[in-house]
Amino acid sequence: MDKLCCYVLLLLSFLCFHLDLSWSLNTGCNQAVNSGGSPDPDKLEYHMGPVLASPLKLYIIWYGNWNQTHQDTIRDFLSSFSSPAPRPSVADWWSTVRLYTDQTGSNVTDSITLSGELGSTGTAIPCRFKYPKRFRHGYATGTAECNIAGEFFDTKLSHGPRLNRMSIQAVIKNAVTSQPKPLPLDPRNGYYLVLTSADIMVDEFCRAVCAFHYFTFPATVGVIVPYAWVGYSGTQCPGMCAYPFAWPMGVPPPPGGNGGSTVMRPPNGDIGVDGMISVIAHELAESATNPLVNAWYAGNNPTAPGEIADLCLGVYGSGGGGAYVGQVSTDAAGNGYNLNGIKGRRFMVQWVWDLVKKRCFGPNAKD
Ligand SMILES: *[C@@H]1O[C@H](CO)[C@@H](O)[C@H](O)[C@H]1NC(C)=O
Ligand SMILES: *[C@@H]1O[C@H](CO)[C@@H](O)[C@H](O)[C@H]1NC(C)=O
């Protein structure tokens with residue numbers, strides 16, 4: 001249930017062990033991490049629950065004051081799941097997640113569409129994007145394509161500047177009930193992504209978690225729908241949640257980690273948002289294969305399961321593991337990436353466990 005609990009700790013425990021650094025963090029962390037190792041992939045089992053096999057409609061709830069440039073990067077990433085792009089693409093990456101089936105034999109869906117975002121003022125803002133797209137090398141001309149039905153901007157902070165697990169569900173409830181134009185409450189296909197901005201605190205954010213996925217309670221939201229929360233870590237804790245573009249304070253950068261001893265530069269110009277992209281992908285992959293926390297996971301404890309992305313924390317390319325991200329690409333400006341997306345975008349996304357190959361895998365693998 002708690003996703004991505006201290007994935008940096010996993011790397012740190014490696015570092016502490018190998019480099020004998022003293023490191024302490026107050027964590028309420030995942031047992032798998034506390035017990036000093038990653039979850040055991042050999043224990044990955046199917047527990048009879050459903051996977052997300054129906055076409056997924058993503059609804060984004062932007063909570064807080066979001067930077068439009070950052071939103072644009074995230075939208076383009078989410079729009080890349082079901083769109084063609086040069087190999088290795090985001091859609092290619094998702095094909096590893098598709099290998100997982102449920103007891104009806106249905107695979108995880110290949111249809112993921114960004115279906116709506118609405119403003120918390122209740123105002124539908126269907127296609128307001130006429131802003132210049134800013135890339136690393138300056139401003140591109142033209143306007144962003146509009147492929148989003150509407151947006152929910154919870155800029156008035158319906159549940160204040162500090163959220164916890166239950167209030168995140170209340171934020172979803174607010175988004176699906178705010179008049180006059182709520183987000184659709186769609187138990188069949190809906191997937192709700194609550195994204196909190198730099199100025200929002202979330203309990204345990206930056207201490208034990210960077211994000212989590214779960215499902216809503218009927219008592220709070222009315223139905224059971226899968227959702228994830230991911231926080232923007234760029235100002236609060238890039239060293240914890242924006243790996244490999246940032247590294248925890250006091251810990252030396254990874255030796256030889258793609259570019260010598262320097263920390264990798266982000267492909268879309270912002271450490272926080274480029275780090276968040278991989279975290280969003282992590283949560284989506286795990287929701288798809290373990291949406292109700294009773295399908296695919298390793299270990300005996302469903303409240304701290306080792307899910308398909310947990311098993312590959314910190315691995316982004318061949319040879320990756322420990323403090324080495326693996327073989328990834330760099331663009332002309334030296335920014336790291338391993339996947340291509342729409343509109344010429346590039347992203348850096350961790351690998352997930354491949355059920356058939358029985359190892360961590362991504363489409364940029366060399367073998
Ligand atoms: C569905 O899952 C099975 C079992 O892992 C796999 O063999 C098959 O290739 C998957 N289908 C798709 C379209 O990914
Ligand atoms: C939005 O983010 C970009 C890229 O990180 C940054 O250059 C810009 O200053 C930010 N804009 C605001 C209004 O904070």
# chains A, B, ... in the order shown; residues from 1 in each chain; ligands from 1
$ residues_near_ligand --ligand "ligand 2" --cutoff "7 Å" --atoms "only C-alpha atoms and all ligand atoms" --output "list in words"
Asn67, Gln68, Thr69, His70, Gly269 and Asp270 of chain A
$ write_last_selection --atoms "N, CA and C atoms" --output "CSV table (one decimal), in the first residue's frame"
chain,number,residue,atom,x,y,z
A,67,ASN,N,3.4,25.1,-11.4
A,67,ASN,CA,4.1,25.8,-12.4
A,67,ASN,C,3.7,25.2,-13.8
A,68,GLN,N,3.3,26.1,-14.7
A,68,GLN,CA,2.7,25.6,-16.0
A,68,GLN,C,3.7,24.8,-16.8
A,69,THR,N,5.0,25.2,-16.7
A,69,THR,CA,6.0,24.5,-17.4
A,69,THR,C,6.1,23.1,-16.9
A,70,HIS,N,6.0,22.9,-15.6
A,70,HIS,CA,6.1,21.6,-15.0
A,70,HIS,C,4.9,20.8,-15.4
A,269,GLY,N,14.7,19.8,-17.9
A,269,GLY,CA,15.1,21.1,-17.3
A,269,GLY,C,14.8,21.3,-15.8
A,270,ASP,N,14.1,20.4,-15.2
A,270,ASP,CA,13.8,20.6,-13.8
A,270,ASP,C,14.0,19.3,-13.0
$ residues_around --residues "Arg188 of chain A" --least-positions-apart "2" --cutoff "9 Å" --atoms "only C-alpha atoms" --output "number ranges by chain"
A: 54-56, 186, 190, 225
$ write_last_selection --atoms "C-alpha atoms" --output "JSON list (two decimals), in the first residue's frame"
[["chain", "number", "residue", "atom", "x", "y", "z"],
["A", 54, "SER", "CA", -9.97, -1.94, -18.71],
["A", 55, "PRO", "CA", -8.86, 1.13, -20.65],
["A", 56, "LEU", "CA", -7.59, 3.68, -18.16],
["A", 186, "ASP", "CA", -15.59, 6.69, -13.02],
["A", 190, "GLY", "CA", -11.05, 6.14, -13.86],
["A", 225, "VAL", "CA", -11.32, 3.68, -7.55]]
$ closest_atom_pairs --of "chain A" --to "ligand 1" --cutoff "7 Å" --atoms "only C-alpha atoms and all ligand atoms" --output "JSON lines"
{"residue": "A:Ser95", "atom": "CA", "partner": "ligand 1", "partner_atom_place_in_ligand_line": "14 (O)", "distance": 6.0}
{"residue": "A:Arg98", "atom": "CA", "partner": "ligand 1", "partner_atom_place_in_ligand_line": "14 (O)", "distance": 4.6}
{"residue": "A:Leu99", "atom": "CA", "partner": "ligand 1", "partner_atom_place_in_ligand_line": "2 (O)", "distance": 3.9}
{"residue": "A:Tyr100", "atom": "CA", "partner": "ligand 1", "partner_atom_place_in_ligand_line": "5 (O)", "distance": 5.2}
{"residue": "A:Thr101", "atom": "CA", "partner": "ligand 1", "partner_atom_place_in_ligand_line": "2 (O)", "distance": 5.5}
{"residue": "A:Asn107", "atom": "CA", "partner": "ligand 1", "partner_atom_place_in_ligand_line": "1 (C)", "distance": 4.7}
{"residue": "A:Leu355", "atom": "CA", "partner": "ligand 1", "partner_atom_place_in_ligand_line": "5 (O)", "distance": 6.3}
{"residue": "A:Val356", "atom": "CA", "partner": "ligand 1", "partner_atom_place_in_ligand_line": "5 (O)", "distance": 6.2}
$ select_by_dssp --residues "segment 70-306 of chain A" --states "strand (DSSP E or B)" --output "PDB file with C-alpha atoms, in the first residue's frame"
ATOM      1  CA  SER A  89       9.412   4.905 -25.981  1.00  0.00           C
ATOM      2  CA  THR A 101      -2.654 -10.795 -16.038  1.00  0.00           C
ATOM      3  CA  ASN A 107      -3.600  -8.435 -19.366  1.00  0.00           C
ATOM      4  CA  ILE A 112      -4.088   5.020 -21.033  1.00  0.00           C
ATOM      5  CA  THR A 113      -5.601   8.355 -21.851  1.00  0.00           C
ATOM      6  CA  LEU A 114      -5.356  11.616 -20.096  1.00  0.00           C
ATOM      7  CA  SER A 115      -9.060  12.209 -19.890  1.00  0.00           C
ATOM      8  CA  GLY A 116      -9.651  15.202 -17.775  1.00  0.00           C
ATOM      9  CA  GLU A 117      -8.490  17.764 -15.335  1.00  0.00           C
ATOM     10  CA  LYS A 133       6.434  25.711 -24.363  1.00  0.00           C
ATOM     11  CA  ARG A 134       9.718  26.164 -22.665  1.00  0.00           C
ATOM     12  CA  PHE A 135      12.366  23.612 -23.310  1.00  0.00           C
ATOM     13  CA  GLY A 138      14.810  28.150 -24.749  1.00  0.00           C
ATOM     14  CA  TYR A 139      11.277  28.731 -25.916  1.00  0.00           C
ATOM     15  CA  ALA A 140       9.809  26.800 -28.783  1.00  0.00           C
ATOM     16  CA  PHE A 152      -9.168  20.219 -11.822  1.00  0.00           C
ATOM     17  CA  PHE A 153      -6.996  22.871 -10.246  1.00  0.00           C
ATOM     18  CA  ASP A 154      -7.318  22.708  -6.498  1.00  0.00           C
ATOM     19  CA  ARG A 162      -0.978  19.987   4.671  1.00  0.00           C
ATOM     20  CA  LEU A 163      -2.476  16.686   3.529  1.00  0.00           C
ATOM     21  CA  GLY A 190     -11.051   6.140 -13.857  1.00  0.00           C
ATOM     22  CA  TYR A 191      -7.627   6.588 -12.320  1.00  0.00           C
ATOM     23  CA  TYR A 192      -7.081   9.672 -10.193  1.00  0.00           C
ATOM     24  CA  LEU A 193      -3.691  11.251  -9.893  1.00  0.00           C
ATOM     25  CA  VAL A 194      -3.373  13.782  -7.078  1.00  0.00           C
ATOM     26  CA  LEU A 195      -0.273  15.864  -7.732  1.00  0.00           C
ATOM     27  CA  THR A 196       0.810  18.259  -4.998  1.00  0.00           C
ATOM     28  CA  MET A 201       3.146  19.356   2.763  1.00  0.00           C
ATOM     29  CA  VAL A 202       2.008  15.752   2.889  1.00  0.00           C
ATOM     30  CA  PHE A 205       6.479  13.132   2.304  1.00  0.00           C
ATOM     31  CA  VAL A 209       7.576   8.359   1.068  1.00  0.00           C
ATOM     32  CA  ALA A 211       4.371   8.941  -3.374  1.00  0.00           C
ATOM     33  CA  PHE A 212       1.886   6.144  -2.862  1.00  0.00           C
ATOM     34  CA  HIS A 213      -0.937   4.418  -4.642  1.00  0.00           C
ATOM     35  CA  TYR A 214      -4.042   2.980  -3.118  1.00  0.00           C
ATOM     36  CA  PHE A 215      -7.791   2.865  -3.706  1.00  0.00           C
ATOM     37  CA  PRO A 226      -7.552   3.394  -7.784  1.00  0.00           C
ATOM     38  CA  TYR A 227      -5.561   6.536  -7.232  1.00  0.00           C
ATOM     39  CA  ALA A 228      -2.069   7.752  -6.577  1.00  0.00           C
ATOM     40  CA  TRP A 229      -0.579  10.749  -4.914  1.00  0.00           C
ATOM     41  CA  VAL A 230       2.790  12.084  -6.045  1.00  0.00           C
ATOM     42  CA  GLY A 231       4.448  15.176  -4.590  1.00  0.00           C
ATOM     43  CA  ARG A 265      21.096  16.409 -15.406  1.00  0.00           C
ATOM     44  CA  TRP A 296       0.892  -8.947  -7.862  1.00  0.00           C
ATOM     45  CA  TYR A 297       3.376  -8.407  -5.061  1.00  0.00           C
ATOM     46  CA  ALA A 298       6.258 -10.100  -3.284  1.00  0.00           C
ATOM     47  CA  GLY A 306       7.251  -5.454  -2.868  1.00  0.00           C
TER      48      GLY A 306
END
$ closest_residue --among "A:Ala53, A:Tyr63, A:Pro363, A:Ser178" --to "His159 of chain A" --atoms "only C-alpha atoms"
A:Tyr63
$ select_by_dssp --residues "segment 178-277 of chain A" --states "helix (DSSP H, G or I)" --output "ChimeraX atom specification"
/A:218-221,238-241,271-277
$ residues_around --residues "Phe81 of chain A" --least-positions-apart "5" --cutoff "7 Å" --atoms "only C-alpha atoms" --output "list in words"
Val90, Ala91, Trp94 and Ile112 of chain A
$ closest_residue --among "A:Ile342, A:Val251, A:Ile172, A:Ala285" --to "Ser79 of chain A" --atoms "only C-alpha atoms"
A:Ile342
$ residues_around --residues "Tyr232 of chain A" --least-positions-apart "6" --cutoff "6 Å" --atoms "only C-alpha atoms" --output "number ranges by chain"
A: 197-198, 272
$ residues_around --residues "Gln103 of chain A" --least-positions-apart "3" --cutoff "10 Å" --atoms "only C-alpha atoms" --output "PyMOL selection string"
chain A and resi 46-51+106-107+295
$ write_last_selection --atoms "N, CA and C atoms" --output "PDB file, in the first residue's frame"
ATOM      1  N   TYR A  46       1.103 -13.916  -7.586  1.00  0.00           N
ATOM      2  CA  TYR A  46      -0.232 -13.397  -7.866  1.00  0.00           C
ATOM      3  C   TYR A  46      -1.167 -13.817  -6.729  1.00  0.00           C
ATOM      4  N   HIS A  47      -1.921 -12.860  -6.205  1.00  0.00           N
ATOM      5  CA  HIS A  47      -2.777 -13.125  -5.055  1.00  0.00           C
ATOM      6  C   HIS A  47      -4.272 -13.074  -5.383  1.00  0.00           C
ATOM      7  N   MET A  48      -4.603 -13.314  -6.632  1.00  0.00           N
ATOM      8  CA  MET A  48      -5.986 -13.521  -7.097  1.00  0.00           C
ATOM      9  C   MET A  48      -6.829 -12.267  -7.317  1.00  0.00           C
ATOM     10  N   GLY A  49      -6.311 -11.128  -7.001  1.00  0.00           N
ATOM     11  CA  GLY A  49      -7.099  -9.906  -7.205  1.00  0.00           C
ATOM     12  C   GLY A  49      -7.014  -9.412  -8.641  1.00  0.00           C
ATOM     13  N   PRO A  50      -7.794  -8.380  -8.960  1.00  0.00           N
ATOM     14  CA  PRO A  50      -7.807  -7.843 -10.322  1.00  0.00           C
ATOM     15  C   PRO A  50      -6.562  -7.025 -10.664  1.00  0.00           C
ATOM     16  N   VAL A  51      -6.280  -6.933 -11.955  1.00  0.00           N
ATOM     17  CA  VAL A  51      -5.322  -5.946 -12.456  1.00  0.00           C
ATOM     18  C   VAL A  51      -6.134  -4.898 -13.224  1.00  0.00           C
ATOM     19  N   SER A 106      -6.923 -11.687 -18.308  1.00  0.00           N
ATOM     20  CA  SER A 106      -6.829 -10.359 -18.926  1.00  0.00           C
ATOM     21  C   SER A 106      -5.507  -9.703 -18.580  1.00  0.00           C
ATOM     22  N   ASN A 107      -4.844  -9.183 -19.596  1.00  0.00           N
ATOM     23  CA  ASN A 107      -3.600  -8.435 -19.366  1.00  0.00           C
ATOM     24  C   ASN A 107      -3.927  -7.021 -18.893  1.00  0.00           C
ATOM     25  N   ALA A 295      -3.161  -8.278  -5.753  1.00  0.00           N
ATOM     26  CA  ALA A 295      -2.835  -8.977  -7.001  1.00  0.00           C
ATOM     27  C   ALA A 295      -1.354  -9.348  -7.032  1.00  0.00           C
TER      28      ALA A 295
END
$ closest_residue --among "A:Leu183, A:Leu52, A:Cys237, A:Leu44" --to "Ser287 of chain A" --atoms "only C-alpha atoms"
A:Leu52
$ residues_around --residues "Gly320 of chain A" --least-positions-apart "2" --cutoff "12 Å" --atoms "only C-alpha atoms" --output "list of chain:residue names"
A:Leu11, A:Pro244, A:Pro254, A:Gly256, A:Gly257, A:Asn258, A:Cys312, A:Leu313, A:Gly314, A:Val315, A:Tyr316, A:Gly317, A:Ser318, A:Gly322, A:Ala323, A:Tyr324, A:Val325, A:Gly326, A:Gln327, A:Val328, A:Gln350, A:Trp351, A:Arg359, A:Cys360, A:Phe361, A:Gly362, A:Asn364, A:Ala365, A:Lys366
$ residues_around --residues "Asp76 of chain A" --least-positions-apart "5" --cutoff "9 Å" --atoms "only C-alpha atoms" --output "PyMOL selection string"
chain A and resi 71+341-343+345
$ write_last_selection --atoms "C-alpha atoms" --output "mmCIF file, in the first residue's frame"
data_model
loop_
_atom_site.group_PDB
_atom_site.id
_atom_site.type_symbol
_atom_site.label_atom_id
_atom_site.label_comp_id
_atom_site.auth_asym_id
_atom_site.auth_seq_id
_atom_site.Cartn_x
_atom_site.Cartn_y
_atom_site.Cartn_z
ATOM 1 C CA GLN A 71 2.474 20.710 -15.768
ATOM 2 C CA GLY A 341 7.844 10.514 -25.541
ATOM 3 C CA ILE A 342 5.566 12.629 -27.680
ATOM 4 C CA LYS A 343 6.632 15.982 -29.089
ATOM 5 C CA ARG A 345 10.271 14.805 -25.224
#
$ closest_residue --among "A:Arg346, A:Lys358, A:His282, A:Arg75" --to "Trp62 of chain A" --atoms "only C-alpha atoms"
A:Arg75
$ decode --residues "segment 153-184 of chain A" --atoms "N, CA and C atoms" --output "compact mmCIF listing (two decimals), in the first residue's frame"
# COMPACT_ATOMS: atom_id res chain seq x y z
N PHE A 153 -8.06 22.15 -10.95
CA PHE A 153 -7.00 22.87 -10.25
C PHE A 153 -7.47 23.17 -8.84
N ASP A 154 -6.92 22.45 -7.88
CA ASP A 154 -7.32 22.71 -6.50
C ASP A 154 -6.39 23.78 -5.93
N THR A 155 -6.44 24.96 -6.55
CA THR A 155 -5.53 26.03 -6.14
C THR A 155 -5.99 26.70 -4.86
N LYS A 156 -7.27 26.52 -4.54
CA LYS A 156 -7.76 27.13 -3.29
C LYS A 156 -7.52 26.21 -2.11
N LEU A 157 -6.85 25.12 -2.35
CA LEU A 157 -6.49 24.18 -1.30
C LEU A 157 -7.71 23.77 -0.47
N SER A 158 -8.57 22.98 -1.11
CA SER A 158 -9.81 22.56 -0.45
C SER A 158 -9.54 21.90 0.90
N HIS A 159 -8.38 21.31 1.08
CA HIS A 159 -8.08 20.67 2.36
C HIS A 159 -6.78 21.19 2.97
N GLY A 160 -6.51 22.46 2.69
CA GLY A 160 -5.38 23.11 3.36
C GLY A 160 -4.03 22.76 2.77
N PRO A 161 -2.97 23.38 3.33
CA PRO A 161 -1.62 23.19 2.78
C PRO A 161 -0.94 21.92 3.26
N ARG A 162 -1.60 21.20 4.15
CA ARG A 162 -0.98 19.99 4.67
C ARG A 162 -1.97 18.84 4.53
N LEU A 163 -1.58 17.81 3.78
CA LEU A 163 -2.48 16.69 3.53
C LEU A 163 -1.96 15.43 4.22
N ASN A 164 -2.88 14.50 4.44
CA ASN A 164 -2.48 13.17 4.90
C ASN A 164 -3.24 12.15 4.06
N ARG A 165 -3.10 10.89 4.37
CA ARG A 165 -3.71 9.86 3.55
C ARG A 165 -5.21 10.05 3.38
N MET A 166 -5.90 10.30 4.48
CA MET A 166 -7.35 10.42 4.37
C MET A 166 -7.76 11.71 3.68
N SER A 167 -7.03 12.80 3.94
CA SER A 167 -7.45 14.04 3.28
C SER A 167 -7.18 13.99 1.77
N ILE A 168 -6.24 13.16 1.34
CA ILE A 168 -6.04 13.01 -0.10
C ILE A 168 -7.29 12.39 -0.73
N GLN A 169 -7.89 11.44 -0.04
CA GLN A 169 -9.16 10.90 -0.56
C GLN A 169 -10.25 11.97 -0.56
N ALA A 170 -10.23 12.82 0.44
CA ALA A 170 -11.22 13.90 0.49
C ALA A 170 -11.00 14.90 -0.65
N VAL A 171 -9.74 15.09 -1.04
CA VAL A 171 -9.43 15.96 -2.18
C VAL A 171 -10.04 15.36 -3.46
N ILE A 172 -9.97 14.04 -3.57
CA ILE A 172 -10.59 13.38 -4.74
C ILE A 172 -12.11 13.54 -4.68
N LYS A 173 -12.65 13.34 -3.50
CA LYS A 173 -14.10 13.52 -3.33
C LYS A 173 -14.52 14.93 -3.76
N ASN A 174 -13.75 15.90 -3.33
CA ASN A 174 -14.04 17.28 -3.70
C ASN A 174 -13.99 17.46 -5.23
N ALA A 175 -12.99 16.85 -5.85
CA ALA A 175 -12.82 17.01 -7.29
C ALA A 175 -13.96 16.38 -8.08
N VAL A 176 -14.55 15.31 -7.55
CA VAL A 176 -15.63 14.65 -8.28
C VAL A 176 -17.01 15.17 -7.89
N THR A 177 -17.05 16.14 -6.98
CA THR A 177 -18.35 16.68 -6.59
C THR A 177 -18.45 18.20 -6.74
N SER A 178 -17.32 18.88 -6.94
CA SER A 178 -17.35 20.34 -7.04
C SER A 178 -18.24 20.79 -8.19
N GLN A 179 -19.14 21.67 -7.89
CA GLN A 179 -20.02 22.20 -8.93
C GLN A 179 -19.41 23.46 -9.51
N PRO A 180 -19.71 23.80 -10.76
CA PRO A 180 -20.69 23.11 -11.60
C PRO A 180 -20.09 22.02 -12.48
N LYS A 181 -18.81 21.84 -12.47
CA LYS A 181 -18.24 20.90 -13.44
C LYS A 181 -17.23 19.98 -12.77
N PRO A 182 -17.73 18.97 -12.04
CA PRO A 182 -16.81 18.07 -11.36
C PRO A 182 -16.07 17.15 -12.34
N LEU A 183 -14.99 16.56 -11.88
CA LEU A 183 -14.38 15.48 -12.65
C LEU A 183 -15.36 14.31 -12.62
N PRO A 184 -15.42 13.52 -13.67
CA PRO A 184 -16.28 12.33 -13.63
C PRO A 184 -15.80 11.36 -12.54
